[in-house]
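**Student:** For reference, this is final_9.cif, and it has mmCIF, C-alpha atoms.
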```
data_entry
#
loop_
_atom_site.label_atom_id
_atom_site.label_comp_id
_atom_site.auth_asym_id
_atom_site.auth_seq_id
_atom_site.Cartn_x
_atom_site.Cartn_y
_atom_site.Cartn_z
CA MET P 215 -189.23 45.05 22.61
CA TYR P 216 -190.91 41.75 21.78
CA ASN P 217 -191.52 40.70 18.20
CA THR P 218 -194.95 39.08 18.65
CA GLY P 219 -197.30 39.31 21.61
CA MET P 220 -200.78 38.09 22.43
CA TYR P 221 -203.45 39.37 24.80
CA GLY P 222 -206.74 37.51 25.12
CA GLY P 223 -210.07 37.65 26.89
CA THR P 224 -213.81 37.71 26.46
CA PHE P 225 -213.97 41.51 26.76
CA ASN P 226 -217.57 41.10 27.90
CA PRO P 227 -217.62 44.04 28.12
CA LEU P 228 -214.41 45.80 27.20
CA HIS P 229 -213.47 48.05 30.12
CA MET P 230 -210.81 50.62 31.03
CA GLY P 231 -208.61 47.95 32.61
CA HIS P 232 -208.53 46.09 29.30
CA ALA P 233 -207.85 49.34 27.45
CA ASP P 234 -204.82 50.12 29.60
CA CYS P 235 -203.40 46.61 29.17
CA ILE P 236 -203.91 46.71 25.39
CA ILE P 237 -202.12 50.05 25.08
CA GLN P 238 -199.17 48.87 27.16
CA ALA P 239 -198.94 45.52 25.36
CA ALA P 240 -198.96 47.24 21.95
CA ASN P 241 -196.16 49.52 23.13
CA MET P 242 -194.01 46.51 23.98
CA CYS P 243 -194.47 44.53 20.74
CA ARG P 244 -193.80 44.95 17.06
CA GLU P 245 -197.01 43.01 16.51
CA LEU P 246 -199.80 42.40 19.02
CA TYR P 247 -202.60 39.88 18.53
CA ILE P 248 -205.75 40.43 20.56
CA VAL P 249 -207.85 37.28 20.91
CA ILE P 250 -211.57 37.63 21.61
CA SER P 251 -213.14 34.49 23.03
CA GLU P 252 -216.77 33.89 22.08
CA GLY P 253 -218.95 31.48 24.03
CA LYS P 254 -221.75 30.61 21.63
CA GLU P 255 -223.80 28.97 24.38
CA ARG P 256 -223.15 31.69 26.96
CA ALA P 257 -224.95 35.00 27.44
CA GLU P 258 -222.40 37.42 26.01
CA VAL P 259 -222.38 40.60 23.98
CA ASP P 260 -222.35 39.78 20.26
CA VAL P 261 -218.75 39.09 19.26
CA ARG P 262 -219.12 41.47 16.30
CA VAL P 263 -219.85 44.28 18.75
CA ARG P 264 -216.83 43.36 20.89
CA TYR P 265 -214.64 43.19 17.78
CA ARG P 266 -215.75 46.70 16.81
CA TRP P 267 -215.02 48.05 20.29
CA ILE P 268 -211.45 46.79 20.16
CA TYR P 269 -210.97 47.86 16.55
CA GLN P 270 -212.14 51.40 17.36
CA LEU P 271 -209.86 51.47 20.39
CA THR P 272 -206.76 50.30 18.50
CA LYS P 273 -207.15 51.31 14.82
CA HIS P 274 -204.79 54.27 15.23
CA ILE P 275 -201.98 52.18 16.72
CA GLY P 276 -200.99 50.23 13.59
CA ASN P 277 -199.48 47.06 15.05
CA VAL P 278 -202.62 45.41 16.45
CA LYS P 279 -204.45 42.48 14.85
CA ILE P 280 -207.68 40.94 16.18
CA ILE P 281 -208.56 37.24 16.24
CA THR P 282 -211.88 35.70 17.30
CA LEU P 283 -212.32 32.23 18.78
CA SER P 284 -215.63 30.43 19.29
CA ASP P 285 -216.49 27.57 21.63
CA ASP P 286 -219.66 25.79 22.68
CA ALA P 287 -218.95 25.34 26.40
CA PRO P 288 -222.20 26.05 28.31
CA THR P 289 -220.41 27.97 31.09
CA LYS P 290 -216.94 29.41 31.68
CA ALA P 291 -216.41 26.76 34.37
CA GLU P 292 -216.93 24.08 31.70
CA TYR P 293 -214.35 25.66 29.41
CA THR P 294 -211.77 23.05 30.44
CA ARG P 295 -208.37 21.88 29.16
CA GLU P 296 -209.83 20.15 26.14
CA TYR P 297 -211.09 23.52 24.93
CA TRP P 298 -207.88 25.24 26.07
CA MET P 299 -205.54 23.14 23.97
CA ARG P 300 -207.74 23.21 20.87
CA ASP P 301 -208.16 26.98 20.96
CA ALA P 302 -204.49 27.61 21.69
CA GLU P 303 -203.60 25.67 18.56
CA LYS P 304 -206.04 27.80 16.57
CA VAL P 305 -204.38 30.96 17.84
CA LYS P 306 -200.88 29.69 17.05
CA SER P 307 -202.02 28.69 13.58
CA GLN P 308 -203.47 32.13 12.86
CA VAL P 309 -200.43 33.94 14.23
CA GLY P 310 -198.25 31.75 12.03
CA GLY P 311 -195.07 32.02 14.06
CA PRO P 312 -193.61 32.13 17.56
CA ILE P 313 -195.52 34.07 20.20
CA ASP P 314 -192.79 35.68 22.27
CA VAL P 315 -194.97 36.98 25.07
CA VAL P 316 -198.45 36.40 26.42
CA PHE P 317 -200.00 39.24 28.40
CA CYS P 318 -202.54 38.66 31.15
CA GLY P 319 -203.89 40.11 34.37
CA SER P 320 -202.67 39.14 37.82
CA ASP P 321 -205.76 37.01 38.51
CA TYR P 322 -204.01 33.87 37.25
CA ASP P 323 -202.42 30.88 38.99
CA GLU P 324 -199.80 28.31 38.02
CA ASN P 325 -202.43 26.09 36.44
CA SER P 326 -203.93 28.83 34.32
CA PHE P 327 -204.73 28.64 30.62
CA TRP P 328 -201.71 30.79 29.78
CA ASN P 329 -199.12 28.60 31.53
CA VAL P 330 -200.59 25.36 30.24
CA CYS P 331 -201.17 26.38 26.62
CA TYR P 332 -198.26 28.73 25.93
CA PRO P 333 -195.30 27.23 27.84
CA GLU P 334 -192.87 28.45 25.19
CA SER P 335 -193.95 32.09 25.63
CA LYS P 336 -192.91 34.54 28.31
CA LEU P 337 -195.75 35.52 30.59
CA HIS P 338 -196.12 39.26 31.25
CA ILE P 339 -198.52 39.97 34.09
CA PHE P 340 -200.29 43.29 34.40
CA LYS P 341 -201.20 44.25 37.95
CA ARG P 342 -204.98 44.34 38.25
CA ASN P 343 -206.81 47.43 39.46
CA GLU P 344 -210.24 47.54 41.06
CA ILE P 345 -212.03 47.13 37.74
CA SER P 346 -213.79 43.79 37.41
CA SER P 347 -215.84 42.54 34.46
CA THR P 348 -218.05 40.60 36.86
CA GLU P 349 -218.78 43.67 38.99
CA LEU P 350 -219.30 45.74 35.87
CA ARG P 351 -221.90 43.32 34.50
CA ARG P 352 -223.72 43.38 37.85
CA ASP P 353 -224.08 47.16 37.76
CA ILE P 354 -223.18 48.78 34.44
CA TYR P 355 -224.60 52.20 35.32
CA GLY P 356 -223.06 52.28 38.80
CA HIS P 357 -219.62 51.73 37.23
CA TRP P 358 -220.13 53.86 34.13
CA ASP P 359 -216.64 55.39 34.36
CA TRP P 360 -215.16 51.92 33.86
CA LEU P 361 -216.47 51.85 30.28
CA PRO P 362 -214.40 53.28 27.40
CA ARG P 363 -216.22 55.83 25.25
CA VAL P 364 -216.40 53.38 22.35
CA VAL P 365 -218.40 50.98 24.55
CA ARG P 366 -220.85 53.37 26.21
CA PRO P 367 -223.34 53.79 23.32
CA TYR P 368 -224.09 50.06 23.47
CA TYR P 369 -225.41 50.44 27.02
CA VAL P 370 -227.16 53.80 26.74
CA LYS P 371 -230.82 53.53 27.75
CA LYS P 372 -233.29 55.29 25.47
CA VAL P 373 -236.24 57.11 27.02
CA LEU P 374 -238.93 58.36 24.65
CA LEU P 375 -241.42 61.08 25.57
CA MET P 376 -244.71 61.00 23.67
CA GLY P 377 -248.09 62.72 23.80
CA GLY P 378 -250.28 65.26 22.08
CA GLU P 379 -249.65 68.95 21.59
CA SER P 380 -248.94 71.20 24.57
CA THR P 381 -248.40 68.43 27.11
CA GLY P 382 -244.93 69.66 28.08
CA LYS P 383 -242.89 67.06 26.15
CA SER P 384 -240.15 69.40 24.96
CA THR P 385 -239.66 71.10 28.31
CA LEU P 386 -239.67 67.83 30.23
CA THR P 387 -237.24 66.25 27.75
CA ILE P 388 -234.71 69.03 28.35
CA ASN P 389 -235.32 69.08 32.10
CA LEU P 390 -234.65 65.34 32.33
CA ALA P 391 -231.51 65.64 30.22
CA ASN P 392 -230.27 68.38 32.55
CA ARG P 393 -231.24 66.35 35.63
CA PHE P 394 -229.28 63.29 34.43
CA ASN P 395 -226.52 65.38 32.80
CA THR P 396 -226.89 63.79 29.40
CA ALA P 397 -227.95 64.36 25.79
CA TYR P 398 -231.43 64.74 24.34
CA ILE P 399 -233.05 64.94 20.91
CA ASP P 400 -235.40 67.72 19.90
CA GLU P 401 -238.49 67.03 17.87
CA ALA P 402 -237.15 67.04 14.31
CA GLY P 403 -240.36 68.34 12.76
CA ARG P 404 -240.46 71.67 14.55
CA ASP P 405 -238.44 73.69 12.00
CA ILE P 406 -239.42 71.62 8.96
CA SER P 407 -243.15 72.11 9.62
CA GLU P 408 -242.71 75.90 9.43
CA ARG P 409 -241.22 76.04 5.94
CA SER P 410 -244.54 77.24 4.53
CA GLY P 411 -245.27 79.42 7.54
CA THR P 412 -247.92 76.97 8.73
CA ASP P 413 -248.06 73.23 9.29
CA LEU P 414 -251.39 73.15 7.42
CA LEU P 415 -249.50 73.50 4.13
CA MET P 416 -246.83 70.86 4.72
CA LEU P 417 -245.78 68.66 1.81
CA SER P 418 -245.43 64.90 1.96
CA GLU P 419 -241.68 65.22 1.40
CA ASP P 420 -241.52 67.29 4.61
CA PHE P 421 -242.68 64.22 6.52
CA THR P 422 -240.10 62.07 4.73
CA GLU P 423 -237.37 64.41 5.93
CA ILE P 424 -238.75 64.54 9.47
CA LEU P 425 -238.85 60.76 9.74
CA LEU P 426 -235.33 60.24 8.41
CA GLN P 427 -233.76 63.21 10.19
CA HIS P 428 -235.14 62.18 13.57
CA LYS P 429 -233.65 58.70 13.27
CA LEU P 430 -230.26 60.10 12.18
CA ASN P 431 -230.33 62.54 15.11
CA GLU P 432 -230.89 59.63 17.48
CA ILE P 433 -227.98 57.62 16.08
CA LYS P 434 -225.61 60.59 16.46
CA ALA P 435 -226.86 61.51 19.92
CA MET P 436 -226.13 58.00 21.24
CA GLU P 437 -222.42 58.82 20.99
CA ARG P 438 -222.85 61.84 23.29
CA ALA P 439 -225.25 60.36 25.82
CA ASP P 440 -224.24 59.56 29.40
CA ARG P 441 -226.10 56.42 30.57
CA VAL P 442 -229.44 57.59 29.16
CA LEU P 443 -230.72 59.46 26.09
CA PHE P 444 -233.99 61.42 26.14
CA ILE P 445 -235.97 61.61 22.91
CA ASP P 446 -238.76 64.11 22.21
CA THR P 447 -241.38 62.42 19.99
CA ASP P 448 -240.87 59.58 17.52
CA THR P 449 -241.98 58.21 14.18
CA LEU P 450 -245.44 57.15 15.42
CA VAL P 451 -246.36 60.63 16.62
CA THR P 452 -245.21 61.95 13.25
CA GLN P 453 -247.43 59.33 11.61
CA PHE P 454 -250.38 60.58 13.68
CA TYR P 455 -249.93 64.13 12.37
CA MET P 456 -249.89 62.86 8.79
CA ASN P 457 -253.63 62.24 9.18
CA PHE P 458 -254.20 65.99 9.10
CA LEU P 459 -252.63 66.38 5.64
CA SER P 460 -254.38 65.43 2.41
CA ASP P 461 -251.57 64.41 0.08
CA PRO P 462 -251.14 61.29 -2.13
CA GLY P 463 -247.61 60.86 -0.85
CA ILE P 464 -248.68 60.35 2.73
CA GLU P 465 -249.24 56.60 2.32
CA ARG P 466 -245.61 56.16 1.27
CA ASN P 467 -244.55 58.06 4.36
CA ARG P 468 -246.82 55.92 6.51
CA ALA P 469 -244.96 52.87 5.20
CA LEU P 470 -241.65 54.61 5.94
CA SER P 471 -242.84 55.42 9.45
CA ASP P 472 -243.77 51.77 10.07
CA ALA P 473 -240.38 50.63 8.76
CA ILE P 474 -238.51 53.01 11.07
CA ASP P 475 -240.67 51.96 14.01
CA ALA P 476 -239.78 48.32 13.30
CA VAL P 477 -236.08 49.04 13.91
CA ASN P 478 -236.60 51.46 16.83
CA GLU P 479 -235.99 50.18 20.34
CA TYR P 480 -236.79 52.05 23.55
CA ASP P 481 -236.13 51.09 27.15
CA LEU P 482 -238.87 53.33 28.51
CA ILE P 483 -241.74 55.29 26.92
CA LEU P 484 -243.34 58.08 28.92
CA PHE P 485 -246.73 59.21 27.62
CA LEU P 486 -247.76 62.67 28.78
CA GLU P 487 -251.47 63.10 29.43
CA PRO P 488 -253.30 66.24 28.19
CA ASP P 489 -254.22 67.41 31.70
CA VAL P 490 -252.16 70.61 31.81
CA GLU P 491 -253.23 73.91 30.32
CA PHE P 492 -253.05 74.14 26.52
CA VAL P 493 -250.57 76.82 25.51
CA GLN P 494 -250.87 78.27 22.02
CA ASP P 495 -247.35 79.11 20.83
CA GLY P 496 -248.47 80.23 17.39
CA ASP P 497 -248.58 77.05 15.31
CA ARG P 498 -250.44 74.49 17.40
CA SER P 499 -253.61 72.94 16.02
CA GLU P 500 -256.89 74.41 17.21
CA ILE P 501 -258.60 71.20 16.10
CA ILE P 502 -256.49 69.21 18.58
CA ARG P 503 -256.89 71.91 21.22
CA ASP P 504 -260.68 71.58 21.12
CA ASP P 505 -260.67 67.81 21.78
CA ARG P 506 -257.33 66.99 23.38
CA VAL P 507 -258.42 63.77 25.12
CA LYS P 508 -259.80 62.31 21.88
CA TYR P 509 -256.60 62.88 19.95
CA SER P 510 -254.42 61.79 22.85
CA GLU P 511 -256.29 58.47 22.90
CA GLN P 512 -255.77 58.13 19.14
CA ILE P 513 -252.00 58.41 19.63
CA LYS P 514 -252.16 55.81 22.40
CA GLU P 515 -254.05 53.42 20.13
CA LEU P 516 -251.46 53.93 17.40
CA ILE P 517 -248.68 53.13 19.88
CA ARG P 518 -250.47 50.01 21.13
CA ALA P 519 -251.18 48.87 17.57
CA HIS P 520 -247.42 48.83 17.00
CA GLY P 521 -246.84 46.64 20.07
CA ARG P 522 -245.38 49.31 22.33
CA ASN P 523 -245.91 49.63 26.08
CA PHE P 524 -245.77 52.97 27.85
CA VAL P 525 -246.03 54.59 31.26
CA THR P 526 -248.56 57.42 31.55
CA VAL P 527 -247.44 60.63 33.23
CA GLY P 528 -249.98 63.24 34.33
CA GLY P 529 -250.72 65.88 36.92
CA SER P 530 -248.92 69.15 37.52
CA TYR P 531 -245.57 69.90 35.93
CA GLN P 532 -243.87 69.07 39.23
CA GLU P 533 -245.76 65.77 39.53
CA ARG P 534 -244.80 64.88 35.96
CA TYR P 535 -241.16 65.65 36.65
CA GLU P 536 -241.09 63.59 39.85
CA LYS P 537 -242.80 60.61 38.18
CA ALA P 538 -240.46 60.74 35.17
CA VAL P 539 -237.32 60.98 37.33
CA ALA P 540 -238.46 58.00 39.43
CA GLU P 541 -239.07 55.89 36.31
CA VAL P 542 -235.65 56.72 34.87
CA GLU P 543 -233.88 56.01 38.16
CA LYS P 544 -235.64 52.64 38.26
CA LEU P 545 -234.40 51.96 34.73
CA LEU P 546 -230.77 52.65 35.71
CA ARG P 547 -230.89 50.67 38.94
CA ALA P 548 -228.77 47.53 39.22
CA PRO P 549 -230.71 44.23 39.03
CA GLY P 550 -231.96 43.30 42.47
CA GLU P 551 -231.41 46.79 43.88
CA SER P 552 -234.49 48.21 45.59
#
```
With the file now loaded, output its structure as structure tokens.

**Tutor:**
Amino acid sequence: MYNTGMYGGTFNPLHMGHADCIIQAANMCRELYIVISEGKERAEVDVRVRYRWIYQLTKHIGNVKIITLSDDAPTKAEYTREYWMRDAEKVKSQVGGPIDVVFCGSDYDENSFWNVCYPESKLHIFKRNEISSTELRRDIYGHWDWLPRVVRPYYVKKVLLMGGESTGKSTLTINLANRFNTAYIDEAGRDISERSGTDLLMLSEDFTEILLQHKLNEIKAMERADRVLFIDTDTLVTQFYMNFLSDPGIERNRALSDAIDAVNEYDLILFLEPDVEFVQDGDRSEIIRDDRVKYSEQIKELIRAHGRNFVTVGGSYQERYEKAVAEVEKLLRAPGES
């Protein structure tokens, strides 16, 4: 067993090949330092995110420490020996003692960073498998199995389904989740709105709970999602329904809704048109039923007023499903893929 080892990389992103090397390196050392290289001028995942990935992967091991290094080289090709030597000295200073072994993949040559900067350390080479960071970045969703579970939530695409009452949002949300074998989020207000037996007697605090609960549900569901997460309704639709309640607390909830919307991010919004039959399931508004197009347009205007773009989906249930599936497949397609 080695006393002190070091394993470095950009981990942009961290993949299963890295994970295997880290586990093996930690097994062979009393103390393993993982060095994350950050290119401030290069398009990389935030170093704080990469740090968290590695911390979550290794926190149970006990002998792993993480170091971050920053450089201002515009490209990896311009990260030359001047940078190498400076950064190697930073690593040695932070380790504070001899580095017995440096771990790396087999994609190195005799003039590599490791040989030049750590001549006093033994070089342990892990045989590379088919996993490549470059290939992974080209097509994240085509190589989804290459991503550790701690990394996947970062890349999950969020698809929001919006629209008025009885446009098939809930059914389509679940159908899409089943089609793409992933997680979905129910409309949080469904059960809360029935606490008085009717949504006409909702309290302002009910809307506060709906707004907060829906966001918490989304955060939790991201951990379970596989490539894409489907979301039934959001804070702006909830804000629309506040207009039907006369309560002094509604303005505070409107401000809360705007605040949540400001931190929400969606990769695709599907807006379902009111051109299917209205189905009364016992608690749907007759006011909305009698002028569905008017209220649907009001929701659209609310969405636009908050700077959101959306794709309209109409027609039969089959046409809606086909259009939605095509839009999601387009979202998951690799750049440049037709």

**Student:** Once the PyMOL selection byres ((chain P and resi 270) around 12) has been applied to the shown file, what residues remain in the selection, as a list in words?

**Tutor:**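 Output from the PyMOL selection byres ((chain P and resi 270) around 12), applied to this file: Leu228, Ala233, Val263, Arg264, Tyr265, Arg266, Trp267, Ile268, Tyr269, Leu271, Thr272, Lys273, His274, Ile275, Gly276, Val278, Ile280, Pro362, Arg363, Val364 and Val365 of chain P.
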
**Student:** Box for region 454-471 of chain P: with edges along x, y and z, all listed atoms inside and 5 Å added on each side, what are the centre and edge lengths in Å to one decimal, as AutoDock Vina command-line options?

**Tutor:**
```
--center_x -248.0 --center_y 59.6 --center_z 5.8 --size_x 22.7 --size_y 23.5 --size_z 25.8
```

**Student:** So that I can see what lies close to region 439-442 of chain P, please list as a VMD selection string the residues with an atom at most 12 Å from it, counting all atoms listed in the file and leaving out residues fewer than 2 positions away in the same chain.

**Tutor:** chain P and resid 353 to 359 361 to 374 387 390 to 399 432 to 437 444 to 445 480 to 482 539 542 to 543 545 to 547

**Student:** Output the selection as a PDB file, in the frame of the given file - C-alpha atoms for each residue.

**Tutor:**
```pdb
ATOM      1  CA  ASP P 353    -224.080  47.160  37.760  1.00  0.00           C
ATOM      2  CA  ILE P 354    -223.180  48.780  34.440  1.00  0.00           C
ATOM      3  CA  TYR P 355    -224.600  52.200  35.320  1.00  0.00           C
ATOM      4  CA  GLY P 356    -223.060  52.280  38.800  1.00  0.00           C
ATOM      5  CA  HIS P 357    -219.620  51.730  37.230  1.00  0.00           C
ATOM      6  CA  TRP P 358    -220.130  53.860  34.130  1.00  0.00           C
ATOM      7  CA  ASP P 359    -216.640  55.390  34.360  1.00  0.00           C
ATOM      8  CA  LEU P 361    -216.470  51.850  30.280  1.00  0.00           C
ATOM      9  CA  PRO P 362    -214.400  53.280  27.400  1.00  0.00           C
ATOM     10  CA  ARG P 363    -216.220  55.830  25.250  1.00  0.00           C
ATOM     11  CA  VAL P 364    -216.400  53.380  22.350  1.00  0.00           C
ATOM     12  CA  VAL P 365    -218.400  50.980  24.550  1.00  0.00           C
ATOM     13  CA  ARG P 366    -220.850  53.370  26.210  1.00  0.00           C
ATOM     14  CA  PRO P 367    -223.340  53.790  23.320  1.00  0.00           C
ATOM     15  CA  TYR P 368    -224.090  50.060  23.470  1.00  0.00           C
ATOM     16  CA  TYR P 369    -225.410  50.440  27.020  1.00  0.00           C
ATOM     17  CA  VAL P 370    -227.160  53.800  26.740  1.00  0.00           C
ATOM     18  CA  LYS P 371    -230.820  53.530  27.750  1.00  0.00           C
ATOM     19  CA  LYS P 372    -233.290  55.290  25.470  1.00  0.00           C
ATOM     20  CA  VAL P 373    -236.240  57.110  27.020  1.00  0.00           C
ATOM     21  CA  LEU P 374    -238.930  58.360  24.650  1.00  0.00           C
ATOM     22  CA  THR P 387    -237.240  66.250  27.750  1.00  0.00           C
ATOM     23  CA  LEU P 390    -234.650  65.340  32.330  1.00  0.00           C
ATOM     24  CA  ALA P 391    -231.510  65.640  30.220  1.00  0.00           C
ATOM     25  CA  ASN P 392    -230.270  68.380  32.550  1.00  0.00           C
ATOM     26  CA  ARG P 393    -231.240  66.350  35.630  1.00  0.00           C
ATOM     27  CA  PHE P 394    -229.280  63.290  34.430  1.00  0.00           C
ATOM     28  CA  ASN P 395    -226.520  65.380  32.800  1.00  0.00           C
ATOM     29  CA  THR P 396    -226.890  63.790  29.400  1.00  0.00           C
ATOM     30  CA  ALA P 397    -227.950  64.360  25.790  1.00  0.00           C
ATOM     31  CA  TYR P 398    -231.430  64.740  24.340  1.00  0.00           C
ATOM     32  CA  ILE P 399    -233.050  64.940  20.910  1.00  0.00           C
ATOM     33  CA  GLU P 432    -230.890  59.630  17.480  1.00  0.00           C
ATOM     34  CA  ILE P 433    -227.980  57.620  16.080  1.00  0.00           C
ATOM     35  CA  LYS P 434    -225.610  60.590  16.460  1.00  0.00           C
ATOM     36  CA  ALA P 435    -226.860  61.510  19.920  1.00  0.00           C
ATOM     37  CA  MET P 436    -226.130  58.000  21.240  1.00  0.00           C
ATOM     38  CA  GLU P 437    -222.420  58.820  20.990  1.00  0.00           C
ATOM     39  CA  PHE P 444    -233.990  61.420  26.140  1.00  0.00           C
ATOM     40  CA  ILE P 445    -235.970  61.610  22.910  1.00  0.00           C
ATOM     41  CA  TYR P 480    -236.790  52.050  23.550  1.00  0.00           C
ATOM     42  CA  ASP P 481    -236.130  51.090  27.150  1.00  0.00           C
ATOM     43  CA  LEU P 482    -238.870  53.330  28.510  1.00  0.00           C
ATOM     44  CA  VAL P 539    -237.320  60.980  37.330  1.00  0.00           C
ATOM     45  CA  VAL P 542    -235.650  56.720  34.870  1.00  0.00           C
ATOM     46  CA  GLU P 543    -233.880  56.010  38.160  1.00  0.00           C
ATOM     47  CA  LEU P 545    -234.400  51.960  34.730  1.00  0.00           C
ATOM     48  CA  LEU P 546    -230.770  52.650  35.710  1.00  0.00           C
ATOM     49  CA  ARG P 547    -230.890  50.670  38.940  1.00  0.00           C
TER      50      ARG P 547
END
```

**Student:** In Å, with one decimal, what is the gap from CA of Glu465 (chain P) to CA of Leu426 (chain P)?

**Tutor:**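 A separation of 15.6 Å between them.
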
**Student:** Could you tell me which residues the PyMOL selection byres ((chain P and resi 312) around 9) grabs in this file, written as a short mmCIF file (atom, residue, chain, number, x, y, z; two decimals) with C-alpha atoms, in the coordinates of the input?

**Tutor:**
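Generated output (result07.cif):
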```cif
data_model
loop_
_atom_site.label_atom_id
_atom_site.label_comp_id
_atom_site.auth_asym_id
_atom_site.auth_seq_id
_atom_site.Cartn_x
_atom_site.Cartn_y
_atom_site.Cartn_z
CA ASN P 217 -191.52 40.70 18.20
CA THR P 218 -194.95 39.08 18.65
CA LYS P 306 -200.88 29.69 17.05
CA VAL P 309 -200.43 33.94 14.23
CA GLY P 310 -198.25 31.75 12.03
CA GLY P 311 -195.07 32.02 14.06
CA ILE P 313 -195.52 34.07 20.20
CA ASP P 314 -192.79 35.68 22.27
CA GLU P 334 -192.87 28.45 25.19
CA SER P 335 -193.95 32.09 25.63
#
```

**Student:** Since I can't run it myself right now, could you work out what the PyMOL selection byres ((chain P and resi 513-529) around 6) selects here and report it as a ChimeraX atom specification?

**Tutor:** /P:483-487,510-512,530,533-534

**Student:** Rank nothing, just name the residue among P:Val305, P:Leu246, P:Ala257, P:Leu443 nearest to Thr289 (chain P), using all atoms listed in the file.

**Tutor:**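 Using all atoms listed in the file, Thr289 (chain P) sits closest to P:Ala257.
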
**Student:** Take CA of Asp286 (chain P) and CA of Ser307 (chain P) and report the distance between them in Å, one decimal.

**Tutor:**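 Rounded to one decimal, the two atoms are 20.1 Å apart.
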
**Student:** CA of Glu401 (chain P) and CA of Lys537 (chain P), how far apart in Å?

**Tutor:**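 Distance reported for this atom pair: 21.7 Å.
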
**Student:** For Ser384 (chain P), which residue out of P:Asp301, P:Asp405, P:Asp446, P:Asp260 is the nearest one, using only C-alpha atoms?

**Tutor:**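 Looking only at the distances to Ser384 (chain P), the closest residue turns out to be P:Asp446.
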
**Student:** Out of P:Pro462, P:Asn226, P:Leu425, P:Gln532, which residue has the shortest atom-to-atom distance to Thr348 (chain P) when counting only C-alpha atoms?

**Tutor:**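 Of P:Pro462, P:Asn226, P:Leu425, P:Gln532, the one nearest Thr348 (chain P), counting only C-alpha atoms, is P:Asn226.
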
**Student:** Between P:Arg295, P:Arg506, P:Arg468, P:Lys279, which one has atoms that come closest to Ile248 (chain P), using all atoms listed in the file?

**Tutor:**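 Once distances to Ile248 (chain P) are computed over all atoms listed in the file, the minimum belongs to P:Lys279.
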
**Student:** Of the candidates P:Val315, P:Ala540, P:Ile237, P:Val507, which one gets nearest to Thr381 (chain P) if we count only C-alpha atoms?

**Tutor:**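 Checking each of P:Val315, P:Ala540, P:Ile237, P:Val507 against Thr381 (chain P), counting only C-alpha atoms, the winner is P:Val507.
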
**Student:** Here is a test: counting all atoms listed in the file, which residue of P:Arg352, P:Lys304, P:Lys336, P:His428 is nearest to Leu450 (chain P)?

**Tutor:**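 Closest to Leu450 (chain P), using all atoms listed in the file: P:His428.
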
**Student:** Will you model N, CA and C atoms for region 478-489 of chain P and pass it back as a short mmCIF file (atom, residue, chain, number, x, y, z; two decimals), keeping the file's coordinate frame?

**Tutor:**
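Output saved as selection-v5.cif:
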```
data_model
loop_
_atom_site.label_atom_id
_atom_site.label_comp_id
_atom_site.auth_asym_id
_atom_site.auth_seq_id
_atom_site.Cartn_x
_atom_site.Cartn_y
_atom_site.Cartn_z
N ASN P 478 -236.77 50.66 15.60
CA ASN P 478 -236.60 51.46 16.83
C ASN P 478 -236.71 50.57 18.06
N GLU P 479 -235.91 50.88 19.05
CA GLU P 479 -235.99 50.18 20.34
C GLU P 479 -235.90 51.23 21.44
N TYR P 480 -236.80 51.13 22.42
CA TYR P 480 -236.79 52.05 23.55
C TYR P 480 -236.83 51.25 24.85
N ASP P 481 -236.15 51.76 25.85
CA ASP P 481 -236.13 51.09 27.15
C ASP P 481 -237.27 51.58 28.04
N LEU P 482 -237.77 52.77 27.73
CA LEU P 482 -238.87 53.33 28.51
C LEU P 482 -239.60 54.36 27.64
N ILE P 483 -240.93 54.29 27.61
CA ILE P 483 -241.74 55.29 26.92
C ILE P 483 -242.63 55.96 27.95
N LEU P 484 -242.51 57.29 28.04
CA LEU P 484 -243.34 58.08 28.92
C LEU P 484 -244.39 58.80 28.07
N PHE P 485 -245.66 58.56 28.37
CA PHE P 485 -246.73 59.21 27.62
C PHE P 485 -247.35 60.29 28.48
N LEU P 486 -247.27 61.54 28.01
CA LEU P 486 -247.76 62.67 28.78
C LEU P 486 -249.24 62.92 28.49
N GLU P 487 -250.03 62.91 29.56
CA GLU P 487 -251.47 63.10 29.43
C GLU P 487 -251.80 64.58 29.17
N PRO P 488 -252.92 64.86 28.51
CA PRO P 488 -253.30 66.24 28.19
C PRO P 488 -254.06 66.90 29.33
N ASP P 489 -253.51 66.86 30.55
CA ASP P 489 -254.22 67.41 31.70
C ASP P 489 -253.52 68.64 32.28
#
```
